file data.pdb (PDB, C-alpha atoms and all ligand atoms)
ATOM      1  CA  MET S  18       6.762  14.733  25.480
ATOM      2  CA  THR S  19       4.063  12.485  24.088
ATOM      3  CA  GLN S  20       3.355   9.264  25.904
ATOM      4  CA  THR S  21       2.941   5.993  24.023
ATOM      5  CA  ALA S  22      -0.300   4.303  24.939
ATOM      6  CA  VAL S  23       0.337   0.875  26.418
ATOM      7  CA  GLN S  24      -2.344  -1.719  25.827
ATOM      8  CA  SER S  25      -2.819  -4.348  28.511
ATOM      9  CA  SER S  26      -2.385  -7.844  27.111
ATOM     10  CA  ALA S  27      -4.518  -9.317  29.908
ATOM     11  CA  PRO S  28      -7.757 -10.892  28.671
ATOM     12  CA  ALA S  29     -11.027  -9.189  29.529
ATOM     13  CA  PRO S  30     -12.590 -10.654  32.680
ATOM     14  CA  VAL S  31     -14.957 -13.486  31.907
ATOM     15  CA  VAL S  32     -18.571 -13.134  32.992
ATOM     16  CA  PRO S  33     -19.671 -16.369  34.678
ATOM     17  CA  ALA S  34     -22.711 -18.064  33.114
ATOM     18  CA  SER S  35     -24.500 -17.975  36.449
ATOM     19  CA  ALA S  36     -23.499 -14.433  37.466
ATOM     20  CA  GLY S  37     -26.273 -12.268  38.830
ATOM     21  CA  ALA S  38     -29.312 -13.100  40.913
ATOM     22  CA  THR S  39     -31.587 -15.721  39.429
ATOM     23  CA  GLU S  40     -34.952 -17.082  40.502
ATOM     24  CA  PRO S  41     -34.737 -20.303  42.520
ATOM     25  CA  TYR S  42     -35.656 -23.497  40.670
ATOM     26  CA  ARG S  43     -38.881 -25.096  41.939
ATOM     27  CA  THR S  44     -39.167 -28.467  40.186
ATOM     28  CA  ILE S  45     -35.520 -29.550  39.844
ATOM     29  CA  LYS S  46     -32.310 -29.063  41.813
ATOM     30  CA  VAL S  47     -29.506 -27.330  39.883
ATOM     31  CA  GLU S  48     -25.939 -27.393  41.267
ATOM     32  CA  PRO S  49     -23.336 -25.553  39.171
ATOM     33  CA  VAL S  50     -20.092 -27.466  38.645
ATOM     34  CA  THR S  51     -18.228 -24.300  37.639
ATOM     35  CA  LEU S  52     -19.484 -20.712  37.487
ATOM     36  CA  ARG S  53     -19.119 -20.527  33.710
ATOM     37  CA  ILE S  54     -20.222 -23.916  32.456
ATOM     38  CA  GLY S  55     -21.864 -27.115  33.664
ATOM     39  CA  ALA S  56     -24.484 -27.962  36.273
ATOM     40  CA  GLU S  57     -25.622 -31.209  37.806
ATOM     41  CA  ILE S  58     -29.406 -31.672  37.823
ATOM     42  CA  SER S  59     -31.181 -33.790  40.431
ATOM     43  CA  GLY S  60     -34.716 -34.117  41.761
ATOM     44  CA  ILE S  61     -35.995 -35.473  38.450
ATOM     45  CA  ASP S  62     -36.663 -39.047  37.297
ATOM     46  CA  LEU S  63     -36.210 -39.243  33.526
ATOM     47  CA  THR S  64     -37.689 -42.760  33.429
ATOM     48  CA  GLN S  65     -41.047 -41.033  34.104
ATOM     49  CA  PRO S  66     -42.881 -38.573  31.842
ATOM     50  CA  ILE S  67     -41.418 -35.063  32.218
ATOM     51  CA  GLY S  68     -43.953 -32.444  33.401
ATOM     52  CA  GLU S  69     -44.365 -29.061  31.667
ATOM     53  CA  ALA S  70     -42.938 -27.118  34.616
ATOM     54  CA  GLN S  71     -39.868 -29.384  34.663
ATOM     55  CA  LYS S  72     -39.382 -28.952  30.905
ATOM     56  CA  ILE S  73     -39.390 -25.167  31.349
ATOM     57  CA  GLU S  74     -36.837 -25.372  34.155
ATOM     58  CA  LEU S  75     -34.638 -27.824  32.220
ATOM     59  CA  ARG S  76     -34.612 -25.388  29.267
ATOM     60  CA  ARG S  77     -33.668 -22.595  31.643
ATOM     61  CA  ALA S  78     -30.913 -24.693  33.263
ATOM     62  CA  LEU S  79     -29.444 -25.489  29.843
ATOM     63  CA  ALA S  80     -29.531 -21.822  28.817
ATOM     64  CA  GLU S  81     -27.850 -20.770  32.079
ATOM     65  CA  HIS S  82     -25.278 -23.561  32.375
ATOM     66  CA  LEU S  83     -24.637 -24.658  28.732
ATOM     67  CA  VAL S  84     -24.270 -28.341  29.622
ATOM     68  CA  ILE S  85     -26.390 -30.171  32.188
ATOM     69  CA  PHE S  86     -25.555 -33.503  33.797
ATOM     70  CA  PHE S  87     -27.829 -36.137  35.315
ATOM     71  CA  ARG S  88     -26.944 -39.188  37.444
ATOM     72  CA  ASP S  89     -28.572 -42.615  37.812
ATOM     73  CA  GLN S  90     -31.028 -42.324  34.924
ATOM     74  CA  PRO S  91     -31.444 -45.807  33.363
ATOM     75  CA  ILE S  92     -33.657 -44.473  30.540
ATOM     76  CA  SER S  93     -34.999 -46.508  27.613
ATOM     77  CA  HIS S  94     -34.463 -45.383  24.001
ATOM     78  CA  GLU S  95     -38.019 -43.974  24.029
ATOM     79  CA  GLN S  96     -37.391 -41.983  27.214
ATOM     80  CA  HIS S  97     -34.107 -40.733  25.776
ATOM     81  CA  MET S  98     -35.930 -39.478  22.668
ATOM     82  CA  ALA S  99     -38.732 -37.969  24.784
ATOM     83  CA  LEU S 100     -36.157 -35.943  26.731
ATOM     84  CA  GLY S 101     -34.739 -34.600  23.470
ATOM     85  CA  GLN S 102     -38.166 -33.888  22.013
ATOM     86  CA  ALA S 103     -38.952 -31.670  25.012
ATOM     87  CA  PHE S 104     -36.377 -29.304  23.467
ATOM     88  CA  SER S 105     -36.460 -29.837  19.693
ATOM     89  CA  GLU S 106     -37.057 -32.318  16.889
ATOM     90  CA  LEU S 107     -34.470 -35.075  16.618
ATOM     91  CA  ILE S 108     -32.321 -35.362  13.481
ATOM     92  CA  VAL S 109     -30.513 -38.191  11.717
ATOM     93  CA  HIS S 110     -26.715 -37.866  12.032
ATOM     94  CA  PRO S 111     -25.304 -37.630   8.459
ATOM     95  CA  GLY S 112     -21.977 -39.233   9.437
ATOM     96  CA  ALA S 113     -22.899 -41.887  12.015
ATOM     97  CA  PRO S 114     -25.515 -44.579  11.292
ATOM     98  CA  GLY S 115     -28.361 -45.038  13.767
ATOM     99  CA  ILE S 116     -28.794 -48.269  15.719
ATOM    100  CA  GLU S 117     -31.177 -51.010  14.573
ATOM    101  CA  ASN S 118     -34.840 -49.845  14.600
ATOM    102  CA  HIS S 119     -33.820 -46.432  15.936
ATOM    103  CA  PRO S 120     -32.342 -44.291  13.130
ATOM    104  CA  LEU S 121     -32.250 -41.243  15.434
ATOM    105  CA  ILE S 122     -30.053 -42.918  18.051
ATOM    106  CA  VAL S 123     -26.297 -43.348  17.537
ATOM    107  CA  ALA S 124     -24.188 -45.812  19.539
ATOM    108  CA  ILE S 125     -21.109 -44.360  21.211
ATOM    109  CA  HIS S 126     -18.843 -47.321  21.882
ATOM    110  CA  ALA S 127     -15.175 -48.081  22.452
ATOM    111  CA  ASP S 128     -13.459 -51.332  23.421
ATOM    112  CA  ALA S 129     -10.220 -53.264  22.888
ATOM    113  CA  ASP S 130     -10.892 -53.490  19.121
ATOM    114  CA  SER S 131     -11.538 -49.770  18.616
ATOM    115  CA  LYS S 132      -9.233 -47.865  16.269
ATOM    116  CA  TYR S 133     -10.730 -44.467  17.129
ATOM    117  CA  VAL S 134     -13.500 -43.015  19.295
ATOM    118  CA  ALA S 135     -16.074 -40.365  18.458
ATOM    119  CA  GLY S 136     -15.156 -36.820  19.396
ATOM    120  CA  GLU S 137     -11.461 -37.153  20.251
ATOM    121  CA  SER S 138     -10.686 -33.578  19.253
ATOM    122  CA  TRP S 139     -12.502 -30.371  20.212
ATOM    123  CA  HIS S 140     -15.652 -29.804  18.192
ATOM    124  CA  SER S 141     -19.247 -28.733  18.198
ATOM    125  CA  ASP S 142     -21.450 -31.418  16.687
ATOM    126  CA  LEU S 143     -22.116 -31.113  12.958
ATOM    127  CA  SER S 144     -21.238 -27.441  12.658
ATOM    128  CA  CYS S 145     -20.979 -28.434   8.957
ATOM    129  CA  ASN S 146     -24.793 -28.658   8.699
ATOM    130  CA  ALA S 147     -26.782 -25.756   7.207
ATOM    131  CA  GLU S 148     -28.669 -25.835  10.516
ATOM    132  CA  PRO S 149     -26.196 -27.186  13.091
ATOM    133  CA  PRO S 150     -27.792 -29.084  16.004
ATOM    134  CA  MET S 151     -29.028 -27.073  18.992
ATOM    135  CA  GLY S 152     -27.762 -29.828  21.240
ATOM    136  CA  SER S 153     -26.962 -33.475  21.841
ATOM    137  CA  ILE S 154     -27.842 -35.833  24.680
ATOM    138  CA  LEU S 155     -25.485 -38.675  25.577
ATOM    139  CA  ARG S 156     -26.192 -41.456  28.087
ATOM    140  CA  LEU S 157     -23.475 -43.950  28.937
ATOM    141  CA  HIS S 158     -24.555 -47.295  30.397
ATOM    142  CA  THR S 159     -21.051 -48.782  30.619
ATOM    143  CA  VAL S 160     -18.014 -46.814  31.760
ATOM    144  CA  PRO S 161     -14.366 -47.727  32.329
ATOM    145  CA  GLU S 162     -12.999 -48.181  35.871
ATOM    146  CA  CYS S 163     -11.524 -44.698  35.569
ATOM    147  CA  GLY S 164     -10.920 -42.185  32.797
ATOM    148  CA  GLY S 165     -13.200 -41.632  29.795
ATOM    149  CA  ASP S 166     -14.222 -38.141  30.931
ATOM    150  CA  THR S 167     -15.757 -35.623  28.546
ATOM    151  CA  LEU S 168     -14.518 -32.011  28.509
ATOM    152  CA  PHE S 169     -16.855 -29.149  27.616
ATOM    153  CA  ALA S 170     -15.792 -25.572  26.835
ATOM    154  CA  SER S 171     -17.898 -22.405  26.969
ATOM    155  CA  MET S 172     -17.696 -20.488  23.710
ATOM    156  CA  TYR S 173     -19.355 -17.508  25.451
ATOM    157  CA  ALA S 174     -16.463 -17.374  27.915
ATOM    158  CA  ALA S 175     -13.941 -17.795  25.092
ATOM    159  CA  TYR S 176     -15.528 -14.943  23.124
ATOM    160  CA  GLU S 177     -15.887 -12.653  26.128
ATOM    161  CA  ALA S 178     -12.210 -13.090  27.063
ATOM    162  CA  LEU S 179     -10.992 -11.843  23.669
ATOM    163  CA  SER S 180      -9.641  -8.298  23.503
ATOM    164  CA  ASP S 181     -11.981  -5.644  22.094
ATOM    165  CA  ARG S 182      -9.549  -5.342  19.160
ATOM    166  CA  MET S 183      -9.916  -9.038  18.345
ATOM    167  CA  LYS S 184     -13.706  -8.919  18.757
ATOM    168  CA  THR S 185     -13.836  -6.056  16.248
ATOM    169  CA  TYR S 186     -11.528  -7.940  13.853
ATOM    170  CA  LEU S 187     -13.782 -11.045  13.920
ATOM    171  CA  GLU S 188     -16.998  -9.073  13.438
ATOM    172  CA  GLY S 189     -18.767  -9.973  10.180
ATOM    173  CA  LEU S 190     -16.352 -12.781   9.235
ATOM    174  CA  THR S 191     -17.702 -16.135   8.052
ATOM    175  CA  ALA S 192     -16.064 -19.563   8.083
ATOM    176  CA  GLU S 193     -16.481 -22.731   6.068
ATOM    177  CA  HIS S 194     -17.417 -25.876   8.012
ATOM    178  CA  ASP S 195     -16.860 -29.120   6.107
ATOM    179  CA  ALA S 196     -17.552 -32.726   7.184
ATOM    180  CA  ASN S 197     -15.976 -34.368   4.116
ATOM    181  CA  HIS S 198     -12.385 -34.525   5.413
ATOM    182  CA  VAL S 199     -13.679 -35.884   8.751
ATOM    183  CA  TYR S 200     -15.819 -38.747   7.457
ATOM    184  CA  HIS S 201     -13.776 -39.595   4.332
ATOM    185  CA  ALA S 202     -10.747 -40.191   6.552
ATOM    186  CA  LEU S 203     -12.851 -42.256   8.958
ATOM    187  CA  TYR S 204     -14.815 -44.425   6.511
ATOM    188  CA  LYS S 205     -12.614 -44.238   3.347
ATOM    189  CA  ASP S 206     -15.834 -43.797   1.311
ATOM    190  CA  TYR S 207     -14.614 -40.953  -0.865
ATOM    191  CA  GLU S 208     -17.799 -41.075  -2.991
ATOM    192  CA  THR S 209     -20.194 -39.925  -0.256
ATOM    193  CA  VAL S 210     -20.764 -36.183  -0.077
ATOM    194  CA  TYR S 211     -21.118 -34.862   3.475
ATOM    195  CA  PRO S 212     -22.442 -31.399   4.469
ATOM    196  CA  ARG S 213     -20.378 -28.239   3.924
ATOM    197  CA  ASN S 214     -21.698 -24.802   4.908
ATOM    198  CA  ASN S 215     -20.622 -21.278   5.852
ATOM    199  CA  HIS S 216     -21.463 -19.719   9.223
ATOM    200  CA  PRO S 217     -20.539 -16.530  11.102
ATOM    201  CA  VAL S 218     -17.313 -16.810  13.126
ATOM    202  CA  VAL S 219     -19.124 -15.141  16.038
ATOM    203  CA  ILE S 220     -22.787 -16.048  16.443
ATOM    204  CA  THR S 221     -25.594 -14.657  18.572
ATOM    205  CA  HIS S 222     -27.265 -17.398  20.585
ATOM    206  CA  PRO S 223     -30.955 -17.574  19.597
ATOM    207  CA  VAL S 224     -32.153 -18.100  23.196
ATOM    208  CA  THR S 225     -29.802 -16.071  25.384
ATOM    209  CA  GLY S 226     -28.766 -13.348  22.914
ATOM    210  CA  ARG S 227     -25.143 -13.805  24.091
ATOM    211  CA  LYS S 228     -22.292 -13.862  21.576
ATOM    212  CA  ALA S 229     -20.288 -17.066  21.146
ATOM    213  CA  LEU S 230     -17.265 -18.098  19.077
ATOM    214  CA  PHE S 231     -18.417 -20.563  16.427
ATOM    215  CA  VAL S 232     -15.313 -22.150  14.874
ATOM    216  CA  ASN S 233     -13.889 -25.543  15.837
ATOM    217  CA  SER S 234     -10.824 -27.540  14.881
ATOM    218  CA  SER S 235     -12.756 -30.571  13.602
ATOM    219  CA  TYR S 236     -15.050 -29.058  10.996
ATOM    220  CA  THR S 237     -13.926 -25.465  10.336
ATOM    221  CA  THR S 238     -11.644 -25.353   7.298
ATOM    222  CA  ARG S 239     -11.125 -21.634   6.667
ATOM    223  CA  ILE S 240     -12.253 -18.089   7.326
ATOM    224  CA  ASN S 241     -13.661 -16.989   3.991
ATOM    225  CA  GLU S 242     -12.748 -13.296   3.990
ATOM    226  CA  LEU S 243      -9.022 -13.875   4.773
ATOM    227  CA  SER S 244      -6.061 -15.223   2.800
ATOM    228  CA  ASP S 245      -5.268 -18.906   3.450
ATOM    229  CA  GLU S 246      -2.236 -17.925   5.499
ATOM    230  CA  GLU S 247      -4.090 -15.400   7.654
ATOM    231  CA  SER S 248      -7.065 -17.727   8.091
ATOM    232  CA  ARG S 249      -4.772 -20.539   9.325
ATOM    233  CA  ALA S 250      -3.044 -18.210  11.789
ATOM    234  CA  ILE S 251      -6.275 -16.733  13.178
ATOM    235  CA  LEU S 252      -7.944 -20.139  13.534
ATOM    236  CA  ALA S 253      -4.832 -21.530  15.258
ATOM    237  CA  TYR S 254      -4.885 -18.585  17.672
ATOM    238  CA  LEU S 255      -8.610 -19.037  18.392
ATOM    239  CA  TYR S 256      -8.248 -22.779  19.037
ATOM    240  CA  GLU S 257      -5.347 -22.165  21.410
ATOM    241  CA  HIS S 258      -7.424 -19.489  23.146
ATOM    242  CA  CYS S 259     -10.413 -21.886  23.512
ATOM    243  CA  ALA S 260      -8.141 -24.517  25.120
ATOM    244  CA  ASN S 261      -7.855 -22.327  28.263
ATOM    245  CA  PRO S 262      -9.076 -24.514  31.186
ATOM    246  CA  ASN S 263     -10.801 -21.455  32.689
ATOM    247  CA  PHE S 264     -13.517 -21.943  30.072
ATOM    248  CA  HIS S 265     -13.940 -25.687  30.740
ATOM    249  CA  VAL S 266     -15.788 -28.237  32.803
ATOM    250  CA  ARG S 267     -14.740 -31.899  32.959
ATOM    251  CA  PHE S 268     -17.442 -34.540  33.429
ATOM    252  CA  ARG S 269     -16.661 -37.824  35.209
ATOM    253  CA  TRP S 270     -19.122 -40.460  33.998
ATOM    254  CA  ARG S 271     -20.828 -43.158  36.047
ATOM    255  CA  PRO S 272     -23.162 -45.850  34.650
ATOM    256  CA  ASN S 273     -26.418 -44.177  33.525
ATOM    257  CA  SER S 274     -25.090 -40.643  33.703
ATOM    258  CA  ILE S 275     -26.377 -38.257  31.040
ATOM    259  CA  ALA S 276     -24.768 -35.162  29.542
ATOM    260  CA  PHE S 277     -26.958 -32.735  27.592
ATOM    261  CA  TRP S 278     -24.998 -29.963  25.893
ATOM    262  CA  ASP S 279     -26.050 -26.830  24.053
ATOM    263  CA  ASN S 280     -24.087 -27.258  20.850
ATOM    264  CA  ARG S 281     -24.363 -23.574  19.831
ATOM    265  CA  CYS S 282     -22.239 -22.233  22.658
ATOM    266  CA  THR S 283     -19.993 -25.158  23.633
ATOM    267  CA  HIS S 284     -17.217 -27.356  22.291
ATOM    268  CA  HIS S 285     -16.581 -30.835  23.653
ATOM    269  CA  LEU S 286     -13.884 -33.491  23.570
ATOM    270  CA  ALA S 287     -14.021 -37.166  24.598
ATOM    271  CA  VAL S 288     -10.828 -38.332  26.332
ATOM    272  CA  TRP S 289      -9.715 -41.834  25.208
ATOM    273  CA  ASP S 290      -7.457 -42.675  28.117
ATOM    274  CA  TYR S 291      -9.092 -45.997  29.085
ATOM    275  CA  PHE S 292      -8.063 -48.365  26.238
ATOM    276  CA  PRO S 293      -8.629 -51.379  26.198
ATOM    277  CA  GLN S 294     -11.587 -50.957  28.567
ATOM    278  CA  VAL S 295     -15.189 -50.559  27.438
ATOM    279  CA  ARG S 296     -17.135 -47.311  27.367
ATOM    280  CA  SER S 297     -20.584 -47.502  25.810
ATOM    281  CA  GLY S 298     -23.865 -45.662  25.434
ATOM    282  CA  PHE S 299     -26.243 -43.815  23.145
ATOM    283  CA  ARG S 300     -26.509 -40.284  21.784
ATOM    284  CA  ILE S 301     -29.278 -38.313  20.112
ATOM    285  CA  THR S 302     -28.964 -35.087  18.122
ATOM    286  CA  LEU S 303     -31.418 -32.186  18.360
ATOM    287  CA  LYS S 304     -32.355 -29.988  15.411
ATOM    288  CA  GLY S 305     -31.063 -26.421  15.487
ATOM    289  CA  GLU S 306     -31.348 -23.324  13.336
ATOM    290  CA  ARG S 307     -29.094 -21.419  10.919
ATOM    291  CA  PRO S 308     -26.570 -19.457  13.023
ATOM    292  CA  VAL S 309     -26.760 -15.656  12.764
ATOM    293  CA  PHE S 310     -24.274 -12.844  13.447
TER     294      PHE S 310
HETATM  295  C1  LIG M   1     -19.222 -36.905  21.099
HETATM  296  O1  LIG M   1     -20.424 -36.701  20.955
HETATM  297  O2  LIG M   1     -18.384 -36.222  20.541
HETATM  298  C2  LIG M   1     -18.771 -38.012  22.044
HETATM  299  C3  LIG M   1     -18.703 -37.523  23.431
HETATM  300  C4  LIG M   1     -18.265 -38.605  24.385
HETATM  301  O3  LIG M   1     -18.197 -39.782  24.019
HETATM  302  O4  LIG M   1     -18.000 -38.271  25.547
END
call {"tool": "encode", "arguments": {"input": "data.pdb", "output": "structure tokens"}}
result
Amino acid sequence: MTQTAVQSSAPAPVVPASAGATEPYRTIKVEPVTLRIGAEISGIDLTQPIGEAQKIELRRALAEHLVIFFRDQPISHEQHMALGQAFSELIVHPGAPGIENHPLIVAIHADADSKYVAGESWHSDLSCNAEPPMGSILRLHTVPECGGDTLFASMYAAYEALSDRMKTYLEGLTAEHDANHVYHALYKDYETVYPRNNHPVVITHPVTGRKALFVNSSYTTRINELSDEESRAILAYLYEHCANPNFHVRFRWRPNSIAFWDNRCTHHLAVWDYFPQVRSGFRITLKGERPVF
């Protein structure tokens, strides 16, 4: 009698971002918030020039932990930009105007008059760009009494937890990422043309060489090689899969906290649960490169 092979439906175990022995850090203190994503950095004063050895260790901490958090850093706009420039050039956000005299800095602000807040659904920043940002750095100076957390999700962990069958299915697929529906709905300026580009559904991170899922519910409109129906179903499955809290870290802000996320391997979502209170700060966007399979 032949036996029918039974496939386990359990997801593959997820490899933590910080698994394996690593060298100790010498110029900063790095405390993981979860094993897969997020670390709090201390022992550094970002109101002072950042030394070369610290820059190297900050780059390493970002590569290992995907999003790094700092506390009590009352940085100026210049110091904010200097932190970003230690990693990459800064870019102008095509959908959010810069603040006065600082075109590279965007205000993130919500109060009792707000009708929406930036980043209320899962996304990676500007995945619609031909060269999506490598990262973003957000500092909040004013935070609500409670609430207003930001959630970050590891797209390495999401990819690694897929079945081998699904990984094979996604191999070589590309998806369209379009900002027009996002910003037309927001600003009602249907004349402006915002970026639209195709990228691999699974990318290889240029620094770590790890594979990450690269579709998100804000910008990704379709998987090009599939019928509309199949594309919708696969994207819906992937978004549900990425919503698994095992892939997430949740950041509780305090005044002058900073979050610096690697946009190539994370999604994030800003929770607007503090209306009508004020939450306010500044964000910069760091130039990235064209994603590759
Ligand atoms: C964003 O960049 O999407 C906003 C994040 C936040 O306000 O926490």
call {"tool": "atom_distance", "arguments": {"input": "data.pdb", "atom1": "atom CA of S:Arg213", "atom2": "atom CA of S:Phe231"}}
result
14.8 Å
call {"tool": "closest_atom_pairs", "arguments": {"input": "data.pdb", "of": "chain S", "to": "ligand LIG 1 (chain M)", "cutoff": "6 Å", "atoms": "only C-alpha atoms and all ligand atoms", "output": "JSON lines"}}
result
{"residue": "S:Ala135", "atom": "CA", "partner": "M:LIG1", "partner_atom": "C2", "distance": 5.1}
{"residue": "S:Gly136", "atom": "CA", "partner": "M:LIG1", "partner_atom": "O2", "distance": 3.5}
{"residue": "S:Thr167", "atom": "CA", "partner": "M:LIG1", "partner_atom": "O4", "distance": 4.6}
{"residue": "S:Ala287", "atom": "CA", "partner": "M:LIG1", "partner_atom": "O4", "distance": 4.2}
call {"tool": "residues_around", "arguments": {"input": "data.pdb", "residues": "S:Val50", "least_positions_apart": "5", "cutoff": "9 Å", "atoms": "only C-alpha atoms", "output": "list in words"}}
result
Gly55, Ala56, Glu57, Val266 and Arg267 of chain S
call {"tool": "resolve_selection", "arguments": {"input": "data.pdb", "expression": "the PyMOL selection byres (((chain S and resi 210) around 12) and not hetatm)", "output": "VMD selection string"}}
result
chain S and resid 111 to 112 145 195 to 201 205 to 209 211 to 213
call {"tool": "write_last_selection", "arguments": {"input": "data.pdb", "atoms": "C-alpha atoms", "output": "PDB file, keeping the file's coordinate frame"}}
result
ATOM      1  CA  PRO S 111     -25.304 -37.630   8.459  1.00  0.00           C
ATOM      2  CA  GLY S 112     -21.977 -39.233   9.437  1.00  0.00           C
ATOM      3  CA  CYS S 145     -20.979 -28.434   8.957  1.00  0.00           C
ATOM      4  CA  ASP S 195     -16.860 -29.120   6.107  1.00  0.00           C
ATOM      5  CA  ALA S 196     -17.552 -32.726   7.184  1.00  0.00           C
ATOM      6  CA  ASN S 197     -15.976 -34.368   4.116  1.00  0.00           C
ATOM      7  CA  HIS S 198     -12.385 -34.525   5.413  1.00  0.00           C
ATOM      8  CA  VAL S 199     -13.679 -35.884   8.751  1.00  0.00           C
ATOM      9  CA  TYR S 200     -15.819 -38.747   7.457  1.00  0.00           C
ATOM     10  CA  HIS S 201     -13.776 -39.595   4.332  1.00  0.00           C
ATOM     11  CA  LYS S 205     -12.614 -44.238   3.347  1.00  0.00           C
ATOM     12  CA  ASP S 206     -15.834 -43.797   1.311  1.00  0.00           C
ATOM     13  CA  TYR S 207     -14.614 -40.953  -0.865  1.00  0.00           C
ATOM     14  CA  GLU S 208     -17.799 -41.075  -2.991  1.00  0.00           C
ATOM     15  CA  THR S 209     -20.194 -39.925  -0.256  1.00  0.00           C
ATOM     16  CA  TYR S 211     -21.118 -34.862   3.475  1.00  0.00           C
ATOM     17  CA  PRO S 212     -22.442 -31.399   4.469  1.00  0.00           C
ATOM     18  CA  ARG S 213     -20.378 -28.239   3.924  1.00  0.00           C
TER      19      ARG S 213
END
call {"tool": "closest_atom_pairs", "arguments": {"input": "data.pdb", "of": "stretch 141-204 of chain S", "to": "stretch 238-256 of chain S", "cutoff": "6 Å", "atoms": "all atoms listed in the file", "output": "JSON lines"}}
result
{"residue": "S:Thr191", "atom": "CA", "partner": "S:Asn241", "partner_atom": "CA", "distance": 5.8}
{"residue": "S:Ala192", "atom": "CA", "partner": "S:Ile240", "partner_atom": "CA", "distance": 4.2}
{"residue": "S:Glu193", "atom": "CA", "partner": "S:Arg239", "partner_atom": "CA", "distance": 5.5}
{"residue": "S:His194", "atom": "CA", "partner": "S:Thr238", "partner_atom": "CA", "distance": 5.8}
call {"tool": "resolve_selection", "arguments": {"input": "data.pdb", "expression": "the PyMOL selection byres (((chain S and resi 258) around 12) and not hetatm)", "output": "VMD selection string"}}
result
chain S and resid 28 170 to 172 174 to 180 183 230 232 to 233 251 to 257 259 to 265
call {"tool": "write_last_selection", "arguments": {"input": "data.pdb", "atoms": "C-alpha atoms", "output": "compact mmCIF listing (two decimals), in the frame of the given file"}}
result
# COMPACT_ATOMS: atom_id res chain seq x y z
CA PRO S 28 -7.76 -10.89 28.67
CA ALA S 170 -15.79 -25.57 26.84
CA SER S 171 -17.90 -22.40 26.97
CA MET S 172 -17.70 -20.49 23.71
CA ALA S 174 -16.46 -17.37 27.92
CA ALA S 175 -13.94 -17.80 25.09
CA TYR S 176 -15.53 -14.94 23.12
CA GLU S 177 -15.89 -12.65 26.13
CA ALA S 178 -12.21 -13.09 27.06
CA LEU S 179 -10.99 -11.84 23.67
CA SER S 180 -9.64 -8.30 23.50
CA MET S 183 -9.92 -9.04 18.34
CA LEU S 230 -17.26 -18.10 19.08
CA VAL S 232 -15.31 -22.15 14.87
CA ASN S 233 -13.89 -25.54 15.84
CA ILE S 251 -6.28 -16.73 13.18
CA LEU S 252 -7.94 -20.14 13.53
CA ALA S 253 -4.83 -21.53 15.26
CA TYR S 254 -4.88 -18.58 17.67
CA LEU S 255 -8.61 -19.04 18.39
CA TYR S 256 -8.25 -22.78 19.04
CA GLU S 257 -5.35 -22.16 21.41
CA CYS S 259 -10.41 -21.89 23.51
CA ALA S 260 -8.14 -24.52 25.12
CA ASN S 261 -7.86 -22.33 28.26
CA PRO S 262 -9.08 -24.51 31.19
CA ASN S 263 -10.80 -21.46 32.69
CA PHE S 264 -13.52 -21.94 30.07
CA HIS S 265 -13.94 -25.69 30.74
call {"tool": "resolve_selection", "arguments": {"input": "data.pdb", "expression": "the PyMOL selection byres (((chain S and resi 159-164) around 8) and not hetatm)", "output": "list in words"}}
result
Leu157, His158, Gly165, Asp166, Arg269, Trp270, Arg271, Pro272, Asn273, Val288, Trp289, Asp290, Tyr291, Gln294, Val295, Arg296, Ser297 and Gly298 of chain S
call {"tool": "closest_residue", "arguments": {"input": "data.pdb", "among": "S:Leu52, S:Ile45, S:Val219, S:Ile58", "to": "S:Phe86", "atoms": "only C-alpha atoms"}}
result
S:Ile58
call {"tool": "closest_residue", "arguments": {"input": "data.pdb", "among": "S:Thr302, S:Ser59, S:Thr51, S:Thr64", "to": "S:Arg88", "atoms": "all atoms listed in the file"}}
result
S:Ser59
call {"tool": "closest_residue", "arguments": {"input": "data.pdb", "among": "S:Lys304, S:Lys46, S:Lys72, S:His82", "to": "S:Leu121", "atoms": "all atoms listed in the file"}}
result
S:Lys304
call {"tool": "atom_distance", "arguments": {"input": "data.pdb", "atom1": "atom CA of S:Lys228", "atom2": "atom CA of S:Asp181"}}
result
13.2 Å
call {"tool": "closest_residue", "arguments": {"input": "data.pdb", "among": "S:Val123, S:Ile301, S:Asn118, S:Val218", "to": "S:Tyr186", "atoms": "all atoms listed in the file"}}
result
S:Val218
call {"tool": "closest_residue", "arguments": {"input": "data.pdb", "among": "S:Phe310, S:Trp278, S:Phe169, S:Phe292", "to": "S:His222", "atoms": "all atoms listed in the file"}}
result
S:Phe310
call {"tool": "closest_residue", "arguments": {"input": "data.pdb", "among": "S:Cys282, S:Ala202, S:Val309, S:Ile67", "to": "S:Arg53", "atoms": "only C-alpha atoms"}}
result
S:Cys282
call {"tool": "atom_distance", "arguments": {"input": "data.pdb", "atom1": "atom CA of S:Ile108", "atom2": "atom CA of S:Ser93"}}
result
18.2 Å
call {"tool": "residues_around", "arguments": {"input": "data.pdb", "residues": "S:Leu155", "least_positions_apart": "5", "cutoff": "6 Å", "atoms": "only C-alpha atoms", "output": "VMD selection string"}}
result
chain S and resid 275 to 276 299 to 300
call {"tool": "residues_around", "arguments": {"input": "data.pdb", "residues": "S:Trp139", "least_positions_apart": "6", "cutoff": "7 Å", "atoms": "all atoms listed in the file", "output": "PDB file with C-alpha atoms, in the coordinates of the input"}}
result
ATOM      1  CA  ASN S 233     -13.889 -25.543  15.837  1.00  0.00           C
ATOM      2  CA  SER S 234     -10.824 -27.540  14.881  1.00  0.00           C
ATOM      3  CA  SER S 235     -12.756 -30.571  13.602  1.00  0.00           C
ATOM      4  CA  HIS S 284     -17.217 -27.356  22.291  1.00  0.00           C
ATOM      5  CA  HIS S 285     -16.581 -30.835  23.653  1.00  0.00           C
ATOM      6  CA  LEU S 286     -13.884 -33.491  23.570  1.00  0.00           C
TER       7      LEU S 286
END
